[in-house]
Every structure is written in C-alpha cells, then in structure tokens.
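**Student:** Before I ask anything, here is the structure I am working with.
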Amino acid sequence: MSTLRGRVAIAGVADTEVGKVPGKSPMRLCADAALAALADAGLQKSDADGLVTCNSMADPRLYHAESAAEYLQITPRYCAGIGAGGGSTFTALFQAALAVDAGICDVVVITMADSLLSGLSREQALAVQSSSGHPEFETPYGATVPGYYALIAQTYMHRFGATPEQFASVAVTCRHHAGMHEGAQMRAPITVEDVLASRMIADPLRLLDCSLVSDGGAAVVLTCAERAKTLAHPPVYLLGAGAGHGHEHISQAEDLTESYARVSGARAYAMAGVVPENIDFAQLYDCFTPVVLIEAEDLGLAPRGEAGAFFADGCARIGGELPINTHGGLLSHSHPGNPGSMFALTETVRQLRGTAPANRRVADAEIALVHAQGGIMSSHCTLILGNQQ
Amino acid sequence: MLERCQSCKAWQFYPRGFCTACGGEQVAFEQASGRGVIRSFTIIRRAVLPAYKNDLPFAVALIKLDEGPVMMSRVVTDGASESLQIGRRVTVEFQPWAEGQQLPVFRPVQTRRRA
C-alpha cells in the first residue's frame, strides 16, 4: 500500500481573472497565478524550487515549463511540462507530489494558464482542439471535439434512456453555482429550456451542453505536510491519487459509457482509504454535460445509469446530497483549455479551508474528490483531498 | 483491406505493422467484408475547418466491423437520417478524397420488409 497518503499538502492557491482577459499573455497569466499562490502560502518566490506547467495553445512554447521558470526568474531543481490534455492539471499534481515526497524538491508551484478567447480566432480554436483526433483515421472525416463527445453521449442515451433534459440539468447546476461565484465568466441563471433551445452543435450536444472558451489561469503551491502546517493557511492534504489510461482516440475506446475514471477513482480511493460515501463534495471534469454523468457513475458517486436523475433531482446543487462543481465548472466558471480544472482545485482548497464565500460554502466539508480527464475521456486522474491528515 | 495477424489471425485497425494481440510481426492486409454495425453516431452541424462547410450537416459514426475492429467514418444516407441508429447494419463504399485517394464511408443496408 502506498504511503503517499497525507504526506503532501496544498499550502497556497490563486486564480487570475477569467473570461475575456486580452491584456495579458498566457505566460503573464501563468506567472501572475504562480506569484499570487506563493503569496497566499506566505512564501517568497525564492522558496519555490519546483515548477510544473502545461503548454499554452494560444502561445505555445517548445519547452513551456522551462520558459516559465525563465520568465519568473527562478531556477527550479524540478521542472516539468505536463501534456495530458485536460488531465494535465491533476496528473501534474500527482507527479509533483511524488517529487516532493521523494525529497527532490520542497516547494512546487503548479501553474497553468491560457488565452483561448483572446489569443485565438474562433477558427484557430476549433482547429487546435480538433488536432486531438487521429490525423489519419479520424480527422479526415471532419468531426469536431463536440462531435467526438457526442458519440459518447448518443451511446449513453441509447444504453440508459438518459434524456437531453437530464444532460441539461448538469449545465443548469453548474450555472447556478457560477451565479454564486464572483469571478465566474457566465453567471446569469439558465433553465433546462434555455439549454434545449440553444443551437445544436453535434447531436445530441447543444451549445449550452458545451464548456466555455476562456482566458485565465490558476496556481497551487504544494509542499510536504509538515512544512504546510507552518504556513499561512490550514493545509489541504493529498489523501489519494490515481490515474487510468484506456485509449487516446475515441475510435479506439473499449467502452463508450464506462471510462477509465473507474480505475483512476478506485486507485485514489484505495490510497486514501475512503469510499464514495465519505466524499462531501466533488469537482468533475465538465467539458460536456454527459461526461459528468459518466464520471459520477465511474467514480461510484451515483449508480450506473442514474446520474442523470441525480442531477435532474437537484442532488448535485450546493446544499444537496453531493454538491458537484461548486464554482461552476468548465461549463460556467471558465475553460481556458488544458488548465481548466485548476479552478476546480483552487475552489476545492478554499472549500476545505472553510474560506469559500458563505453563499456557496459546503457545510462541514472534510473530504473532496476532484477528477480531470484528457483526450476524449481517454486519460484520467482522480485526487482525493481533505482537511484532516 | 484490413490488417490481420498471420499467426493468431486477429484483425486490427488501425494498422500497426505488428500484432497488438500476440506481438507477432507477420501481419498482412486481407480483404474484409466491408460490413459492420453503427456503434454510435452524431450529426456534425458546425464545421471544424472551412473546407468542411459544404458538407454540413453530415453524420460521423463509429462502425464496428464484422471482423471485430472499430473505426471512425461517415454514414451516408441520402437524406434518410432515420436510418441513423445504433445497431443499424452498414456496408462500406469508397468516396474520392484527395488526389488519388479514397475515403471509406458507410451506407445503411436496406432492410427487407417483413410480411
């Protein structure tokens, strides 16, 4: 049994402004988040001896983490650029935790940012995202990323009788939460009818079933648990971590309604020594509404085939049985691409510290699950965080 | 033509040049039936690149070939979009793609009326 449980903790967090932020380059946003997270931890730039980033789509670098270190003017002894799509965030944290625990470095800053809204034209944004398809055996057919996920959504509807209304309730829930988040990009409430009236992108996914396109970034500071206890905030401990990789391209997926979130979750639960019933709230990767349902089921948070009803019944709302995406998620808070779930992480830390604003605070929160995926439900990373070691 | 391992006889797509089932290096392309079923489908309504705008709307699908492997393709229905159903049987045809190249697409097989 792994001994990583409780050995590292998040000591600092920061978000940049999100939405339309044209005045700052992705690298600048990355740096701003990093420095603010260090300040949040009560640390100096000179304390950071590890840096992890992911590449920007709007302003790519061949060696992004190394370029970010140079931009910040730090000289880390652990420096890594993670390229795992949307799963880069938690994969980065998992690997950084191993580096801290092994004594490779003491204070790692994980910072990720991008400018998909201001830095790319709409055509460029579509083209970059679609480059995730297999260049020879998928891309020629002209599908978009929503198209790839729509293949999953159609199968889920066919297999479990899920409805567009149930998918829409995921979007409605996230928007409801974003309405309580001052920094969220989209805050005006929406109804199921609004989602169903939005234009169809790739059957059955409509515009409001799809995540946002945003500028923005966020950072966390990771250190060993004992050091974290001496810093500015109560530590948020990494209790469990697990990864799972089933395929990269959707045409090679074993199963379209069950993903390797099941194994990444099982590994994280095993390390943490907890079960789904112990989870007080969860942040699930919401690039598209049906993905959240599959993840909830794969992670044991809802019975197979029943996550749609769970959302439609309001169980995922703050104050409900299991709050999900308390900041509004990629669907309504922001989605700057690969960095997207960094905001799920910073939100989770604030909730577990007890410092989330009162209107969206999860009462008595002790243990949270955060999940990110990359590709087309291809690669998965689940983290379990808690405020008790 | 689909890649097939000459020792364990497994079919695979996409081709690798070695067998992912048994690791064997003797693989060859063999004539496949060209038949399969729709595993899933969607109708694309927004083009990823300007070149695809003229095709809108079009159906993209995952086809489970009778030989076993799954591939992505388009389903051509000549307007009969009600034939886009998971489990519907399809058969391959080849459409011109670029200079000297063809792309496999699939057409729903006509179902016979039951008496």
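For the structure tokens, the naming scheme is as follows: chains receive sequential letters (A, B, ...) according to their order of presentation, residues are indexed from 1 within each chain, and ligands are indexed from 1 in presentation order.
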Compile the contact shell of Gln129 in chain A as a list of chain:residue names: residues with an atom at most 10 Å away, counting only C-alpha atoms, same-chain residues fewer than 4 positions apart removed.
**Tutor:** A:Met57, A:Gly85, A:Gln124, A:Ala125, A:Gly133, A:Thr144, A:Val145, A:Pro146, A:Gly337, A:Gly375, B:Val48
**Student:** Among chain B, which ones does DSSP place in strand (DSSP E), written as a VMD selection string?
**Tutor:** chain B and resid 2 to 5 11 to 12 27 to 30 35 to 44 58 to 65 70 to 75 89 to 96 102 to 108
**Student:** Once you count only C-alpha atoms, which residues of chain B turn out to be within 10 Å of chain A? Could you give them as a tab-separated table (two decimals) with N, CA, C and O atoms, in the first residue's frame?
**Tutor:**
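Ended up saving to result.tsv:
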chain	number	residue	atom	x	y	z
B	13	PHE	N	-7.41	-2.62	-36.39
B	13	PHE	CA	-7.48	-1.30	-37.00
B	13	PHE	C	-7.27	-0.29	-35.90
B	13	PHE	O	-7.86	-0.41	-34.85
B	14	TYR	N	-6.37	0.56	-36.13
B	14	TYR	CA	-5.67	0.95	-37.33
B	14	TYR	C	-4.40	0.07	-37.48
B	14	TYR	O	-3.98	-0.53	-36.52
B	39	ARG	N	-21.93	1.67	-34.19
B	39	ARG	CA	-21.70	1.58	-32.75
B	39	ARG	C	-22.21	2.86	-32.07
B	39	ARG	O	-22.78	2.82	-30.98
B	40	SER	N	-21.95	3.98	-32.72
B	40	SER	CA	-22.51	5.26	-32.31
B	40	SER	C	-22.40	6.22	-33.47
B	40	SER	O	-21.68	5.96	-34.44
B	41	PHE	N	-23.11	7.32	-33.40
B	41	PHE	CA	-23.10	8.30	-34.49
B	41	PHE	C	-23.42	9.67	-33.92
B	41	PHE	O	-23.89	9.81	-32.78
B	42	THR	N	-23.13	10.70	-34.68
B	42	THR	CA	-23.59	12.04	-34.37
B	42	THR	C	-23.77	12.77	-35.68
B	42	THR	O	-23.29	12.30	-36.73
B	43	ILE	N	-24.45	13.87	-35.64
B	43	ILE	CA	-24.60	14.71	-36.83
B	43	ILE	C	-23.86	16.01	-36.57
B	43	ILE	O	-24.19	16.75	-35.63
B	44	ILE	N	-22.82	16.24	-37.35
B	44	ILE	CA	-22.00	17.44	-37.18
B	44	ILE	C	-22.73	18.62	-37.82
B	44	ILE	O	-23.14	18.53	-38.99
B	45	ARG	N	-22.89	19.68	-37.05
B	45	ARG	CA	-23.62	20.86	-37.56
B	45	ARG	C	-22.74	22.09	-37.62
B	45	ARG	O	-23.18	23.13	-38.11
B	46	ARG	N	-21.51	21.99	-37.12
B	46	ARG	CA	-20.59	23.12	-37.21
B	46	ARG	C	-19.26	22.59	-37.71
B	46	ARG	O	-18.74	21.62	-37.16
B	47	ALA	N	-18.72	23.22	-38.75
B	47	ALA	CA	-17.51	22.69	-39.39
B	47	ALA	C	-16.26	23.06	-38.60
B	47	ALA	O	-16.13	24.17	-38.11
B	48	VAL	N	-15.33	22.11	-38.52
B	48	VAL	CA	-14.08	22.36	-37.81
B	48	VAL	C	-13.14	23.21	-38.65
B	48	VAL	O	-12.34	23.97	-38.14
B	49	LEU	N	-13.25	23.08	-39.95
B	49	LEU	CA	-12.42	23.86	-40.87
B	49	LEU	C	-13.32	24.31	-42.03
B	49	LEU	O	-14.28	23.62	-42.36
B	50	PRO	N	-12.99	25.46	-42.66
B	50	PRO	CA	-13.83	25.94	-43.77
B	50	PRO	C	-14.06	24.90	-44.86
B	50	PRO	O	-15.11	24.87	-45.50
B	51	ALA	N	-13.09	24.02	-45.06
B	51	ALA	CA	-13.20	23.01	-46.12
B	51	ALA	C	-14.39	22.09	-45.93
B	51	ALA	O	-14.90	21.50	-46.88
B	52	TYR	N	-14.86	21.94	-44.68
B	52	TYR	CA	-15.95	21.02	-44.42
B	52	TYR	C	-17.32	21.68	-44.44
B	52	TYR	O	-18.34	21.03	-44.26
B	53	LYS	N	-17.35	23.00	-44.61
B	53	LYS	CA	-18.63	23.72	-44.52
B	53	LYS	C	-19.65	23.22	-45.53
B	53	LYS	O	-20.84	23.12	-45.23
B	55	ASP	N	-20.16	20.34	-46.60
B	55	ASP	CA	-20.69	19.02	-46.30
B	55	ASP	C	-21.79	19.06	-45.24
B	55	ASP	O	-22.50	18.08	-45.06
B	56	LEU	N	-21.90	20.20	-44.52
B	56	LEU	CA	-22.82	20.25	-43.38
B	56	LEU	C	-24.26	20.09	-43.81
B	56	LEU	O	-24.66	20.60	-44.86
B	57	PRO	N	-25.12	19.44	-43.01
B	57	PRO	CA	-24.75	18.61	-41.87
B	57	PRO	C	-24.35	17.21	-42.35
B	57	PRO	O	-24.83	16.75	-43.38
B	58	PHE	N	-23.46	16.58	-41.66
B	58	PHE	CA	-23.08	15.22	-42.05
B	58	PHE	C	-22.94	14.33	-40.81
B	58	PHE	O	-22.73	14.81	-39.72
B	59	ALA	N	-23.10	13.04	-41.03
B	59	ALA	CA	-23.08	12.08	-39.93
B	59	ALA	C	-21.71	11.46	-39.80
B	59	ALA	O	-21.16	10.93	-40.78
B	60	VAL	N	-21.13	11.54	-38.60
B	60	VAL	CA	-19.89	10.84	-38.28
B	60	VAL	C	-20.26	9.70	-37.35
B	60	VAL	O	-21.13	9.85	-36.49
B	61	ALA	N	-19.63	8.56	-37.54
B	61	ALA	CA	-20.01	7.39	-36.75
B	61	ALA	C	-18.81	6.56	-36.37
B	61	ALA	O	-17.73	6.69	-36.95
B	62	LEU	N	-19.01	5.73	-35.38
B	62	LEU	CA	-18.08	4.65	-35.07
B	62	LEU	C	-18.72	3.38	-35.59
B	62	LEU	O	-19.87	3.07	-35.26
B	63	ILE	N	-18.01	2.67	-36.46
B	63	ILE	CA	-18.53	1.47	-37.09
B	63	ILE	C	-17.80	0.27	-36.50
B	63	ILE	O	-16.56	0.23	-36.52
B	64	LYS	N	-18.56	-0.68	-35.96
B	64	LYS	CA	-17.94	-1.93	-35.51
B	64	LYS	C	-18.02	-2.90	-36.67
B	64	LYS	O	-19.10	-3.34	-37.07
B	69	PRO	N	-12.76	-5.07	-35.30
B	69	PRO	CA	-12.26	-3.72	-35.00
B	69	PRO	C	-13.31	-2.63	-35.22
B	69	PRO	O	-14.29	-2.83	-35.94
B	70	VAL	N	-13.08	-1.50	-34.57
B	70	VAL	CA	-13.95	-0.33	-34.69
B	70	VAL	C	-13.20	0.74	-35.45
B	70	VAL	O	-12.00	0.92	-35.25
B	71	MET	N	-13.89	1.43	-36.32
B	71	MET	CA	-13.27	2.57	-37.00
B	71	MET	C	-14.23	3.74	-37.07
B	71	MET	O	-15.45	3.55	-37.04
B	72	MET	N	-13.66	4.93	-37.16
B	72	MET	CA	-14.49	6.11	-37.36
B	72	MET	C	-14.73	6.27	-38.85
B	72	MET	O	-13.85	5.96	-39.67
B	73	SER	N	-15.90	6.76	-39.21
B	73	SER	CA	-16.18	7.01	-40.61
B	73	SER	C	-17.40	7.93	-40.71
B	73	SER	O	-17.86	8.46	-39.71
B	74	ARG	N	-17.87	8.13	-41.89
B	74	ARG	CA	-19.12	8.85	-42.09
B	74	ARG	C	-20.18	7.86	-42.51
B	74	ARG	O	-19.88	6.82	-43.09
B	85	GLN	N	-29.13	4.78	-36.68
B	85	GLN	CA	-29.49	4.20	-35.39
B	85	GLN	C	-28.34	3.34	-34.91
B	85	GLN	O	-27.69	2.66	-35.73
B	86	ILE	N	-28.12	3.33	-33.61
B	86	ILE	CA	-27.13	2.43	-33.05
B	86	ILE	C	-27.60	1.00	-33.33
B	86	ILE	O	-28.75	0.66	-33.09
B	97	TRP	N	-11.33	11.33	-52.19
B	97	TRP	CA	-10.94	12.21	-51.08
B	97	TRP	C	-10.00	13.28	-51.62
B	97	TRP	O	-10.40	14.39	-51.90
B	103	LEU	N	-11.72	7.65	-49.45
B	103	LEU	CA	-12.05	7.54	-48.03
B	103	LEU	C	-13.18	6.54	-47.90
B	103	LEU	O	-14.17	6.63	-48.65
B	104	PRO	N	-13.04	5.59	-46.99
B	104	PRO	CA	-14.16	4.66	-46.78
B	104	PRO	C	-15.29	5.34	-46.03
B	104	PRO	O	-15.06	6.00	-45.01
B	105	VAL	N	-16.50	5.22	-46.54
B	105	VAL	CA	-17.68	5.69	-45.83
B	105	VAL	C	-18.66	4.52	-45.80
B	105	VAL	O	-18.46	3.51	-46.48
**Student:** For the alpha helix (DSSP H) assignment from backbone DSSP, which residues of range 49-272 of chain A qualify? Please present them as a PyMOL selection string.
**Tutor:** chain A and resi 64-72+88-101+122-130+145-160+164-178+192-197+225-228+261-272
**Student:** Tell me which protein, DNA and RNA residues are within 7 Å of Pro76 in chain A, counting only C-alpha atoms, leaving out same-chain ones fewer than 3 positions away, and put them as a list in words.
**Tutor:**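 Using only C-alpha atoms, the neighbours found are Asp49, Gly50, Leu51 and Cys79 of chain A.
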**Student:** Just to confirm, what's the straight-line distance from CA of Gly340 in chain A to CA of Thr173 in chain A in Å (one decimal)?
**Tutor:** 17.9 Å
**Student:** Which residue, B:Cys22, B:Val75, B:Ala80, B:Ala10, has the smallest gap to Gly36 in chain B when you use only C-alpha atoms?
**Tutor:**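 Comparing B:Cys22, B:Val75, B:Ala80, B:Ala10 against Gly36 in chain B, the winner is B:Val75.
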**Student:** Counting only C-alpha atoms, which residue out of A:Ala316, A:Cys54, A:Ala178, A:Val291 sits closest to Ile376 in chain A?
**Tutor:** A:Val291
**Student:** Please, what distance in Å, to one decimal, runs between CA of Pro15 in chain B and CA of Ser264 in chain A?
**Tutor:**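 Going from CA of Pro15 in chain B over to CA of Ser264 in chain A, I get 28.8 Å.
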**Student:** Can you measure CA of Cys174 in chain A to CA of Ile324 in chain A for me? One decimal in Å is fine.
**Tutor:**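 Between these atoms lies a distance of 8.0 Å.
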**Student:** With only C-alpha atoms as the counted atoms, please give the residues lying no more than 10 Å from range 3-5 of chain A, apart from itself and same-chain residues fewer than 2 positions off, as a PyMOL selection string.
**Tutor:** chain A and resi 1+7-9+94+97-98+101-102+237-241+268+270-273+384-385+389
**Student:** Take the residues from that selection and write them out as a compact mmCIF listing (two decimals), in the first residue's frame, keeping N, CA, C and O atoms.
**Tutor:**
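Output saved as part.txt:
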# COMPACT_ATOMS: atom_id res chain seq x y z
N MET A 1 0.85 -1.20 0.00
CA MET A 1 0.00 0.00 0.00
C MET A 1 0.89 1.25 0.00
O MET A 1 1.83 1.34 0.76
N ARG A 7 0.96 12.88 3.02
CA ARG A 7 2.34 13.32 3.16
C ARG A 7 2.63 14.66 2.49
O ARG A 7 3.62 15.32 2.81
N VAL A 8 1.79 15.04 1.53
CA VAL A 8 1.96 16.36 0.92
C VAL A 8 0.66 17.14 1.03
O VAL A 8 -0.42 16.55 1.19
N ALA A 9 0.78 18.45 0.94
CA ALA A 9 -0.41 19.29 1.13
C ALA A 9 -0.31 20.52 0.25
O ALA A 9 0.77 20.96 -0.14
N PHE A 94 -0.15 15.07 -9.08
CA PHE A 94 0.20 13.72 -8.65
C PHE A 94 1.71 13.52 -8.77
O PHE A 94 2.40 13.11 -7.83
N ALA A 97 3.66 15.72 -6.37
CA ALA A 97 3.58 15.19 -5.02
C ALA A 97 4.64 14.10 -4.81
O ALA A 97 5.27 14.01 -3.75
N LEU A 98 4.82 13.26 -5.83
CA LEU A 98 5.84 12.22 -5.74
C LEU A 98 7.23 12.84 -5.62
O LEU A 98 8.08 12.35 -4.87
N ASP A 101 7.59 14.23 -2.09
CA ASP A 101 7.69 13.15 -1.11
C ASP A 101 9.04 12.44 -1.21
O ASP A 101 9.55 11.93 -0.21
N ALA A 102 9.61 12.41 -2.41
CA ALA A 102 10.91 11.77 -2.59
C ALA A 102 12.06 12.69 -2.19
O ALA A 102 13.21 12.28 -2.23
N TYR A 237 -4.66 18.39 2.56
CA TYR A 237 -3.79 17.23 2.35
C TYR A 237 -4.21 16.43 1.13
O TYR A 237 -5.41 16.25 0.87
N LEU A 238 -3.22 15.93 0.41
CA LEU A 238 -3.48 14.96 -0.65
C LEU A 238 -3.62 13.60 0.02
O LEU A 238 -2.66 13.07 0.55
N LEU A 239 -4.85 13.08 0.03
CA LEU A 239 -5.10 11.81 0.69
C LEU A 239 -5.00 10.64 -0.29
O LEU A 239 -4.64 9.53 0.09
N GLY A 240 -5.40 10.90 -1.54
CA GLY A 240 -5.38 9.82 -2.52
C GLY A 240 -5.16 10.36 -3.91
O GLY A 240 -5.54 11.49 -4.21
N ALA A 241 -4.53 9.57 -4.74
CA ALA A 241 -4.32 9.94 -6.13
C ALA A 241 -4.29 8.67 -6.97
O ALA A 241 -3.78 7.64 -6.54
N ALA A 268 -7.42 5.99 -6.34
CA ALA A 268 -7.40 7.13 -5.42
C ALA A 268 -8.11 6.78 -4.11
O ALA A 268 -7.61 7.09 -3.02
N ALA A 270 -8.46 3.85 -2.84
CA ALA A 270 -7.64 2.87 -2.11
C ALA A 270 -6.51 3.55 -1.36
O ALA A 270 -6.26 3.24 -0.19
N MET A 271 -5.85 4.51 -2.01
CA MET A 271 -4.75 5.21 -1.34
C MET A 271 -5.28 6.00 -0.15
O MET A 271 -4.67 6.04 0.93
N ALA A 272 -6.42 6.65 -0.35
CA ALA A 272 -6.98 7.50 0.71
C ALA A 272 -7.61 6.67 1.82
O ALA A 272 -7.80 7.18 2.94
N GLY A 273 -7.96 5.44 1.51
CA GLY A 273 -8.66 4.62 2.50
C GLY A 273 -10.07 5.11 2.76
O GLY A 273 -10.57 5.02 3.88
N ILE A 384 -8.01 12.81 -4.18
CA ILE A 384 -8.87 12.97 -3.02
C ILE A 384 -8.13 13.86 -2.04
O ILE A 384 -6.98 13.59 -1.67
N LEU A 385 -8.79 14.93 -1.64
CA LEU A 385 -8.18 15.94 -0.77
C LEU A 385 -8.98 16.06 0.51
O LEU A 385 -10.19 15.83 0.52
N GLN A 389 -5.44 15.29 8.30
CA GLN A 389 -4.37 14.40 7.84
C GLN A 389 -4.68 12.96 8.24
O GLN A 389 -4.36 12.05 7.53
**Student:** Within 12 Å of Gly17 in chain B, counting only C-alpha atoms, which residues show up once you throw out same-chain ones fewer than 4 positions away? Write them as JSON, numbers by chain, please.
**Tutor:** {"B": [2, 3, 4, 5, 6, 11, 12, 13, 23, 24, 25, 26, 27, 28, 29]}
**Student:** Generate the output file for the selected residues, C-alpha atoms, as an mmCIF file, in the first residue's frame.
**Tutor:**
data_model
loop_
_atom_site.group_PDB
_atom_site.id
_atom_site.type_symbol
_atom_site.label_atom_id
_atom_site.label_comp_id
_atom_site.auth_asym_id
_atom_site.auth_seq_id
_atom_site.Cartn_x
_atom_site.Cartn_y
_atom_site.Cartn_z
ATOM 1 C CA LEU B 2 -7.794 -4.682 -43.071
ATOM 2 C CA GLU B 3 -4.599 -5.658 -41.275
ATOM 3 C CA ARG B 4 -4.595 -9.235 -39.974
ATOM 4 C CA CYS B 5 -2.052 -11.118 -37.917
ATOM 5 C CA GLN B 6 -0.884 -14.156 -39.854
ATOM 6 C CA TRP B 11 -7.820 -8.361 -37.245
ATOM 7 C CA GLN B 12 -6.779 -4.913 -36.140
ATOM 8 C CA PHE B 13 -7.477 -1.301 -37.003
ATOM 9 C CA GLY B 23 3.077 -9.313 -30.623
ATOM 10 C CA GLY B 24 3.645 -11.178 -33.887
ATOM 11 C CA GLU B 25 5.455 -9.408 -36.688
ATOM 12 C CA GLN B 26 3.811 -11.317 -39.546
ATOM 13 C CA VAL B 27 0.869 -9.144 -40.470
ATOM 14 C CA ALA B 28 -0.770 -8.637 -43.830
ATOM 15 C CA PHE B 29 -3.675 -6.749 -45.322
#
